[in-house]
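*Asks:* Before we start, here is the structure in question, set down as structure tokens.
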2 protein chains.
Amino acid sequence: MPIDASPHARTDPLAATLATIVGARHVLAEPDLVAPYAVDWTNRWTGRPRLVVRPGSTDEVAAVVAACAQAGAAMVPQGGNTGLVGGAVPRRDEVVISLRRLDRIEPVDQDAAQLVAGAGATLADAQRHARALGLDVPIDFAARDGATIGGIVATNAGGERVLRYGTTRAHVAGLEVVLADGSVVRRMSGLAKDSAGFDIASLLVGSEGTLGIVTAVRLGLVPHLTERAAALLAVDDTRTAVGVVAEVRRRRDDLEAAELFHAEGLDLVCGTLGLARPFQRDHPTYLLVECAGRVDPTEGLAAVLADIDGIAEAAVAADGPRRAALWRYREAHSEAINTAGVPVKLDVAVPVRDLARFEDDVRGVVDATAPGARLVIFGHLAEGNLHVNLLGAADRAEVVTDAVLELVAAFGGSIGAEHGVGQAKVRWLPLTRTREELAAMNAVKRALDPRWLLNPGVVLPIPQGAPES
Amino acid sequence: MPIDASPHARTDPLAATLATIVGARHVLAEPDLVAPYAVDWTNRWTGRPRLVVRPGSTDEVAAVVAACAQAGAAMVPQGGNTGLVGGAVPRRDEVVISLRRLDRIEPVDQDAAQLVAGAGATLADAQRHARALGLDVPIDFAARDGATIGGIVATNAGGERVLRYGTTRAHVAGLEVVLADGSVVRRMSGLAKDSAGFDIASLLVGSEGTLGIVTAVRLGLVPHLTERAAALLAVDDTRTAVGVVAEVRRRRDDLEAAELFHAEGLDLVCGTLGLARPFQRDHPTYLLVECAGRVDPTEGLAAVLADIDGIAEAAVAADGPRRAALWRYREAHSEAINTAGVPVKLDVAVPVRDLARFEDDVRGVVDATAPGARLVIFGHLAEGNLHVNLLGAADRAEVVTDAVLELVAAFGGSIGAEHGVGQAKVRWLPLTRTREELAAMNAVKRALDPRWLLNPGVVLPIPQGAPES
């Protein structure tokens, strides 16, 4: 008996329609089959989808969207389901459209240094294709094996190389999107200059599936810089770390990453995952920097670091297992936190010049609103982007989130720096977006999805009153 | 008697309202006063504005827009009026809102490597401010002394450094915009990561004043690379030039510009402006490349060029008057063409791999549709961006434009690569934008400017039927 022959699918007329588009085995309705699509990997967001549909081509996505629109069914696009704000998880009765089967990567366009990938291809796959030809995807982060290219574009993903290359938006050279009515907008020529008309693609990047469903992406690539050196530095505090990074940047133009974490995070990572401690002594704050280029930067980086004040201990590693081991301390943070419990997770940014002061204030605010909670702060120093994680504060999630995000707003910061808004942060968006900005966003949403069928409740609140369906 | 005391201004009730906002001397109505605002510098686009208003602050722009909206008056925002597609020139009875008085540049934010400039500051001014502190604006082009920061953003300007840094959109770290109803949207924190909500700013960039009026910009800066070397290369054809540039890029990562021109352009520049010829022999095609870095690239560039096949003659110049002289051959093209007559101007892009074939085809198409016209093609090779200029073809402008832009569409190219659509190319936009894309653009336009008051007739055609005013 085929796995799809569920009674739910048979009784929902939309399921039958969708089965004629994608084949019955790609329409899932039974609870145990839809379960992996209905919860995020941190177990914080879960919902009950009406159906899960797994189209295998852009045409199928377009037909699925048209059929859902026809039926007035809300849709949640989903890629690798590695998001952290519940933006790809169903709330209640939506059709989850999984893009994972759109995983084709076309041969790399070496002339243009671009790569065309289906929305469902993973970041790691795209990196492998590019690197085989001496090129690289300018985006990288720990969830590379699960995160999909479509999801990266839908969320304007950041990661560890933003310092050098910027966020995903800067590298979207072409985009194919299915709009709310099932129409397909495709711009894939990969032109470096094309100012003929509004840049709808830029608007779609980072819109978290609320304005359209990304089906394919033409990504700009950068040279694959194989000569790398990482250094883990122990410092007294974030203020010192900011100064060290500024000094490294003044002296070297090959800095690619500057990652910050603290004793609490290192303790958790080592304790939970059994990693050996990096230094004999413990330190309050750690900084992981990486340089990359065409010639081995190890000696040059070591020399620069030796010359900078404020570094208590340093471990410099050329490319290889030692470098990977240094990165593991940083990249294992999310996994360790999630292993330890269900965290309150905030992803914020403030101007770098205010980073240390902001962090001090966050510690104060958390002490006041969630005393006893375990606070783990880490992030991307050069962008002023901190991941604020709290363990043991689930029952005070609202109040502590209120307090921290109000602080963010007071610093002119972002309440969703690289993870986006999802369903998690909708309530707080007005803290950093004015009435006029929200009005413009709502106007754009109404223009492209007047019935509010695409990922309703993500980014913007669902408007009061009945939709125009 | 003050220059503004014109009878027109006194009889138009809107003029009186605007005078209460900006002061009477900044509302112009007399033909000789409005004339400089009513025609572009190439004398191809001219109109009769209802009024010209010169607000001096963002608040004044907002109040002016609100008053015009109240009166149902169409508006044309104007910066330096250096555009090439009539996008900032009134058509008939619009209020021209000149942003030139908003020319303040704030002290450079050195921590963030960003600069905040009013819309009316010139590119050259912004460059001067940045360079004084070892930083630079990543955008540069010949009209730098007149072009304004607001105009650069409104048109997503390209120029000579896109090869290295991308177009303007990639460098807009913050934006202040007045929307069609006079509301002000301001995001100026300059965060490197801020994925909280739709990126309305990215949508505004390149929308040519049709979705909002840019009043201030926070621009990302790059290190000022003072060590420069330019080389003018003579080659047999565009095919060879494309190969030479690819080879230079393989061997050096400091290439910043790769500009293409031909014998016709050089003849015109030397003949019209009296420049000495660069080489003793004449050649069919010329390529100007420039490298820039922290150490003098002159010797390294010369060595690489000596090693590349296909270069007939080369003149390499380190920074200084000789380098400026080499650039003059390229940058004087527009001026020389405009001195010689009223040209038909097309600004197109195709994938670089097709550039030579496309250029061959363009020559054939022009021979067929405008025989005897003087064809001058030049442009930015690495982006496949050609400026196609025709002298002596004004009476065949439509037919030759049709033919060339249809060819562009067949190559998957852009009909407005870096100059935009303006009023000049509206008719041809559907050649490279699908019905679905145009529908999305129109929906966005209606969402943000439902009465079609901002720069009507630019980018998109004015819809049939009465606006919702």
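Identifiers in this document derive from the order of the structure tokens: chains are assigned A, B, ..., residues are numbered from 1 separately in each chain, and ligands are numbered from 1 in order of occurrence.
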Please report, as a Markdown table, each residue of range 206-307 of chain B lying at most 12 Å from range 165-181 of chain B, together with the nearest pair of atoms and the separation in Å rounded to one decimal; use only C-alpha atoms, and order rows by chain and ascending residue number.
*Replies:*
```
| residue | atom | partner | partner_atom | distance |
| --- | --- | --- | --- | --- |
| B:Gly206 | CA | B:Arg169 | CA | 7.8 |
| B:Ser207 | CA | B:Arg169 | CA | 11.1 |
| B:Gly209 | CA | B:Leu179 | CA | 9.7 |
| B:Thr210 | CA | B:Ala180 | CA | 8.8 |
| B:Leu211 | CA | B:Leu179 | CA | 6.8 |
| B:Gly212 | CA | B:Leu179 | CA | 4.5 |
| B:Ile213 | CA | B:Val178 | CA | 5.1 |
| B:Val214 | CA | B:Val177 | CA | 4.4 |
| B:Thr215 | CA | B:Val177 | CA | 5.5 |
| B:Ala216 | CA | B:Glu176 | CA | 5.0 |
| B:Val217 | CA | B:Leu175 | CA | 4.6 |
| B:Arg218 | CA | B:Gly174 | CA | 4.5 |
| B:Leu219 | CA | B:Val172 | CA | 5.0 |
| B:Gly220 | CA | B:His171 | CA | 4.9 |
| B:Leu221 | CA | B:His171 | CA | 7.5 |
| B:Val222 | CA | B:Tyr165 | CA | 8.9 |
| B:Pro223 | CA | B:Tyr165 | CA | 11.5 |
| B:Asp254 | CA | B:Tyr165 | CA | 11.2 |
| B:Leu255 | CA | B:Tyr165 | CA | 10.6 |
| B:Glu256 | CA | B:Tyr165 | CA | 8.2 |
| B:Ala257 | CA | B:Tyr165 | CA | 10.2 |
```
*Asks:* Counting only C-alpha atoms, collect the residues of chain A whose closest atom lies at most 8 Å from chain B, and write them out as a PyMOL selection string.
*Replies:* chain A and resi 111-112+155-156+158+162+166-167+170+183-185+189-200+202-204+206-207+349-353+383-385+412-421+429+434+436-437+440-441+443-444+446-448+459-460
*Asks:* What does the distance between CA of Leu232 in chain B and CA of Glu290 in chain B come to in Å, to one decimal place?
*Replies:* 8.9 Å
*Asks:* Using only C-alpha atoms, tabulate the residues of range 116-147 of chain A lying at most 9 Å from any atom of range 86-108 of chain A, each with its closest atom pair and that distance in Å to one decimal, by chain and increasing residue number, as a Markdown table.
*Replies:*
```
| residue | atom | partner | partner_atom | distance |
| --- | --- | --- | --- | --- |
| A:Val116 | CA | A:Glu106 | CA | 5.5 |
| A:Ala117 | CA | A:Ile105 | CA | 4.3 |
| A:Gly118 | CA | A:Leu102 | CA | 4.9 |
| A:Ala119 | CA | A:Leu102 | CA | 5.7 |
| A:Gly120 | CA | A:Arg100 | CA | 3.9 |
| A:Ala121 | CA | A:Asp103 | CA | 3.9 |
| A:Thr122 | CA | A:Asp103 | CA | 7.4 |
| A:Asp125 | CA | A:Ile105 | CA | 8.2 |
| A:Ala126 | CA | A:Ile105 | CA | 7.1 |
| A:His129 | CA | A:Val108 | CA | 7.2 |
| A:Ala130 | CA | A:Val108 | CA | 6.7 |
| A:Leu133 | CA | A:Val108 | CA | 7.9 |
```
*Asks:* Could you give me, as a short mmCIF file (atom, residue, chain, number, x, y, z; two decimals) with N, CA, C and O atoms, in the first residue's frame, the residues within 8 Å of Pro343 in chain A, counting only C-alpha atoms and dropping anything in the same chain fewer than 4 positions from it?
*Replies:*
```cif
data_model
loop_
_atom_site.label_atom_id
_atom_site.label_comp_id
_atom_site.auth_asym_id
_atom_site.auth_seq_id
_atom_site.Cartn_x
_atom_site.Cartn_y
_atom_site.Cartn_z
N ILE A 337 23.02 24.55 22.82
CA ILE A 337 21.90 25.23 23.47
C ILE A 337 20.64 24.40 23.34
O ILE A 337 19.89 24.18 24.29
N ASN A 338 20.41 23.90 22.13
CA ASN A 338 19.20 23.14 21.87
C ASN A 338 19.20 21.80 22.59
O ASN A 338 18.16 21.28 22.97
N ASN A 389 20.53 33.98 23.66
CA ASN A 389 19.81 32.76 23.98
C ASN A 389 19.63 32.64 25.49
O ASN A 389 20.58 32.87 26.24
N LEU A 390 18.43 32.26 25.90
CA LEU A 390 18.15 32.06 27.32
C LEU A 390 17.63 30.66 27.57
O LEU A 390 16.66 30.23 26.93
N LEU A 391 18.27 29.97 28.50
CA LEU A 391 17.78 28.65 28.92
C LEU A 391 17.15 28.81 30.29
O LEU A 391 17.64 29.57 31.13
N GLY A 392 16.07 28.08 30.49
CA GLY A 392 15.38 28.18 31.77
C GLY A 392 14.56 29.44 31.92
O GLY A 392 14.34 29.93 33.03
N ALA A 393 14.12 30.00 30.80
CA ALA A 393 13.32 31.22 30.86
C ALA A 393 12.06 31.09 30.03
O ALA A 393 11.43 32.10 29.70
N ALA A 394 11.71 29.85 29.66
CA ALA A 394 10.57 29.64 28.76
C ALA A 394 9.30 30.25 29.33
O ALA A 394 8.47 30.79 28.59
#
```
*Asks:* For Ala231 in chain A, find every residue with an atom within 12 Å (counting only C-alpha atoms), except residues of its own chain fewer than 3 positions away, and show them as a PyMOL selection string.
*Replies:* chain A and resi 228+234+245+248+255-260+278+286-292+297-306+311+313-319+322-327+329-330
*Asks:* DSSP on the backbone: what in range 325-390 of chain A comes out strand (DSSP E), as a compact mmCIF listing (two decimals) with all heavy atoms, in the first residue's frame?
*Replies:*
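Result written to part-v1.txt:
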```txt
# COMPACT_ATOMS: atom_id res chain seq x y z
N VAL A 344 14.78 30.49 24.78
CA VAL A 344 14.26 31.72 24.18
C VAL A 344 15.39 32.24 23.31
O VAL A 344 16.52 32.42 23.79
CB VAL A 344 13.89 32.75 25.26
CG1 VAL A 344 13.47 34.08 24.61
CG2 VAL A 344 12.79 32.21 26.15
N LYS A 345 15.12 32.45 22.02
CA LYS A 345 16.18 32.83 21.09
C LYS A 345 15.89 34.20 20.49
O LYS A 345 14.84 34.40 19.90
CB LYS A 345 16.28 31.81 19.94
CG LYS A 345 16.79 30.44 20.36
CD LYS A 345 16.88 29.49 19.18
CE LYS A 345 18.19 29.60 18.45
NZ LYS A 345 19.35 29.10 19.19
N LEU A 346 16.83 35.10 20.63
CA LEU A 346 16.70 36.42 20.02
C LEU A 346 17.90 36.65 19.12
O LEU A 346 19.01 36.24 19.45
CB LEU A 346 16.60 37.50 21.09
CG LEU A 346 15.46 37.30 22.10
CD1 LEU A 346 15.56 38.30 23.23
CD2 LEU A 346 14.11 37.42 21.39
N ASP A 347 17.66 37.30 17.99
CA ASP A 347 18.72 37.54 17.00
C ASP A 347 18.68 39.02 16.66
O ASP A 347 17.80 39.47 15.94
CB ASP A 347 18.43 36.69 15.75
CG ASP A 347 19.22 37.16 14.55
OD1 ASP A 347 20.43 37.38 14.69
OD2 ASP A 347 18.60 37.30 13.46
N VAL A 348 19.58 39.76 17.24
CA VAL A 348 19.47 41.22 17.16
C VAL A 348 20.76 41.83 16.62
O VAL A 348 21.81 41.20 16.62
CB VAL A 348 19.14 41.81 18.54
CG1 VAL A 348 17.86 41.19 19.09
CG2 VAL A 348 20.29 41.60 19.51
N ALA A 349 20.66 43.06 16.18
CA ALA A 349 21.85 43.79 15.76
C ALA A 349 21.77 45.23 16.26
O ALA A 349 20.67 45.81 16.33
CB ALA A 349 21.99 43.78 14.24
N ARG A 374 19.81 30.96 32.25
CA ARG A 374 21.18 30.81 31.74
C ARG A 374 21.27 31.59 30.43
O ARG A 374 20.56 31.28 29.47
CB ARG A 374 21.44 29.33 31.52
CG ARG A 374 22.88 28.99 31.22
CD ARG A 374 23.08 27.48 31.36
NE ARG A 374 24.46 27.12 31.10
CZ ARG A 374 24.90 25.87 31.11
NH1 ARG A 374 24.06 24.87 31.36
NH2 ARG A 374 26.18 25.61 30.87
N LEU A 375 22.12 32.61 30.42
CA LEU A 375 22.20 33.50 29.27
C LEU A 375 23.43 33.17 28.43
O LEU A 375 24.55 33.17 28.94
CB LEU A 375 22.28 34.96 29.76
CG LEU A 375 22.49 36.06 28.72
CD1 LEU A 375 21.34 36.12 27.73
CD2 LEU A 375 22.66 37.41 29.41
N VAL A 376 23.21 32.86 27.17
CA VAL A 376 24.32 32.56 26.26
C VAL A 376 24.24 33.54 25.09
O VAL A 376 23.28 33.51 24.31
CB VAL A 376 24.25 31.11 25.74
CG1 VAL A 376 25.44 30.81 24.82
CG2 VAL A 376 24.22 30.13 26.92
N ILE A 377 25.24 34.39 25.00
CA ILE A 377 25.29 35.39 23.92
C ILE A 377 26.47 35.05 23.02
O ILE A 377 27.59 34.84 23.49
CB ILE A 377 25.48 36.81 24.50
CG1 ILE A 377 24.28 37.19 25.38
CG2 ILE A 377 25.66 37.82 23.38
CD1 ILE A 377 24.37 38.60 25.97
N PHE A 378 26.20 35.01 21.73
CA PHE A 378 27.30 34.84 20.77
C PHE A 378 26.86 35.51 19.48
O PHE A 378 25.71 35.94 19.36
CB PHE A 378 27.63 33.36 20.55
CG PHE A 378 26.51 32.55 19.96
CD1 PHE A 378 26.49 32.23 18.62
CD2 PHE A 378 25.45 32.11 20.76
CE1 PHE A 378 25.45 31.47 18.07
CE2 PHE A 378 24.42 31.35 20.22
CZ PHE A 378 24.41 31.04 18.88
N GLY A 379 27.78 35.63 18.53
CA GLY A 379 27.34 36.24 17.28
C GLY A 379 28.47 36.73 16.43
O GLY A 379 29.64 36.36 16.60
N HIS A 380 28.08 37.60 15.48
CA HIS A 380 28.97 38.07 14.42
C HIS A 380 29.36 39.50 14.75
O HIS A 380 28.60 40.43 14.51
CB HIS A 380 28.25 37.97 13.08
CG HIS A 380 27.54 36.66 12.87
ND1 HIS A 380 28.20 35.49 12.57
CD2 HIS A 380 26.23 36.32 12.96
CE1 HIS A 380 27.33 34.49 12.47
NE2 HIS A 380 26.11 34.97 12.71
N ASN A 385 25.93 41.88 15.37
CA ASN A 385 24.82 40.91 15.35
C ASN A 385 25.01 39.88 16.46
O ASN A 385 25.91 39.05 16.40
CB ASN A 385 24.80 40.23 13.98
CG ASN A 385 23.74 39.15 13.83
OD1 ASN A 385 23.84 38.33 12.91
ND2 ASN A 385 22.74 39.11 14.68
N LEU A 386 24.16 39.96 17.48
CA LEU A 386 24.25 39.04 18.61
C LEU A 386 23.07 38.07 18.63
O LEU A 386 21.93 38.47 18.42
CB LEU A 386 24.26 39.83 19.93
CG LEU A 386 25.47 40.73 20.18
CD1 LEU A 386 25.33 41.40 21.54
CD2 LEU A 386 26.78 39.97 20.09
N HIS A 387 23.38 36.81 18.92
CA HIS A 387 22.34 35.83 19.18
C HIS A 387 22.22 35.71 20.70
O HIS A 387 23.15 35.26 21.37
CB HIS A 387 22.71 34.49 18.54
CG HIS A 387 22.92 34.60 17.05
ND1 HIS A 387 22.02 35.26 16.23
CD2 HIS A 387 23.90 34.18 16.25
CE1 HIS A 387 22.45 35.21 14.99
NE2 HIS A 387 23.60 34.57 14.96
N VAL A 388 21.09 36.15 21.19
CA VAL A 388 20.85 36.16 22.63
C VAL A 388 19.97 34.95 22.95
O VAL A 388 18.81 34.89 22.52
CB VAL A 388 20.16 37.47 23.07
CG1 VAL A 388 19.85 37.44 24.56
CG2 VAL A 388 21.01 38.67 22.70
N ASN A 389 20.53 33.98 23.66
CA ASN A 389 19.81 32.76 23.98
C ASN A 389 19.63 32.64 25.49
O ASN A 389 20.58 32.87 26.24
CB ASN A 389 20.60 31.54 23.50
CG ASN A 389 20.55 31.40 21.99
OD1 ASN A 389 19.76 30.65 21.45
ND2 ASN A 389 21.40 32.16 21.30
N LEU A 390 18.43 32.26 25.90
CA LEU A 390 18.15 32.06 27.32
C LEU A 390 17.63 30.66 27.57
O LEU A 390 16.66 30.23 26.93
CB LEU A 390 17.09 33.06 27.79
CG LEU A 390 17.64 34.46 28.00
CD1 LEU A 390 16.87 35.43 27.15
CD2 LEU A 390 17.55 34.81 29.46
```
*Asks:* Could you list, as a ChimeraX atom specification, every residue within 6 Å of range 279-284 of chain A, counting only C-alpha atoms and ignoring same-chain residues fewer than 4 positions away?
*Replies:* /A:236,262-263
*Asks:* Could you check which of A:Arg239, A:Arg249, A:Arg48, A:Arg277 is closest to Phe358 in chain A, using only C-alpha atoms?
*Replies:*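 Of all the options, A:Arg239 lies closest to Phe358 in chain A.
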*Asks:* Compile the contact shell of Trp41 in chain B as JSON, numbers by chain: residues with an atom at most 9 Å away, counting only C-alpha atoms, same-chain residues fewer than 4 positions apart removed.
*Replies:* {"B": [36, 45, 81, 82, 83, 84, 338]}
*Asks:* Could you tell me, as an MDAnalysis selection string, which residues of range 24-267 of chain A DSSP assigns to helix (DSSP H, G or I) when given the backbone?
*Replies:* chainID A and resid 24:26 31:38 58:71 123:131 149:154 162:165 168:171 200:204 238:251 263:267
*Asks:* Using only C-alpha atoms, which of B:Ala132, B:Leu233, B:Ala67, B:Met75 sits nearest Thr17 in chain B?
*Replies:*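 Going through B:Ala132, B:Leu233, B:Ala67, B:Met75 one by one, the smallest distance to Thr17 in chain B is for B:Ala67.
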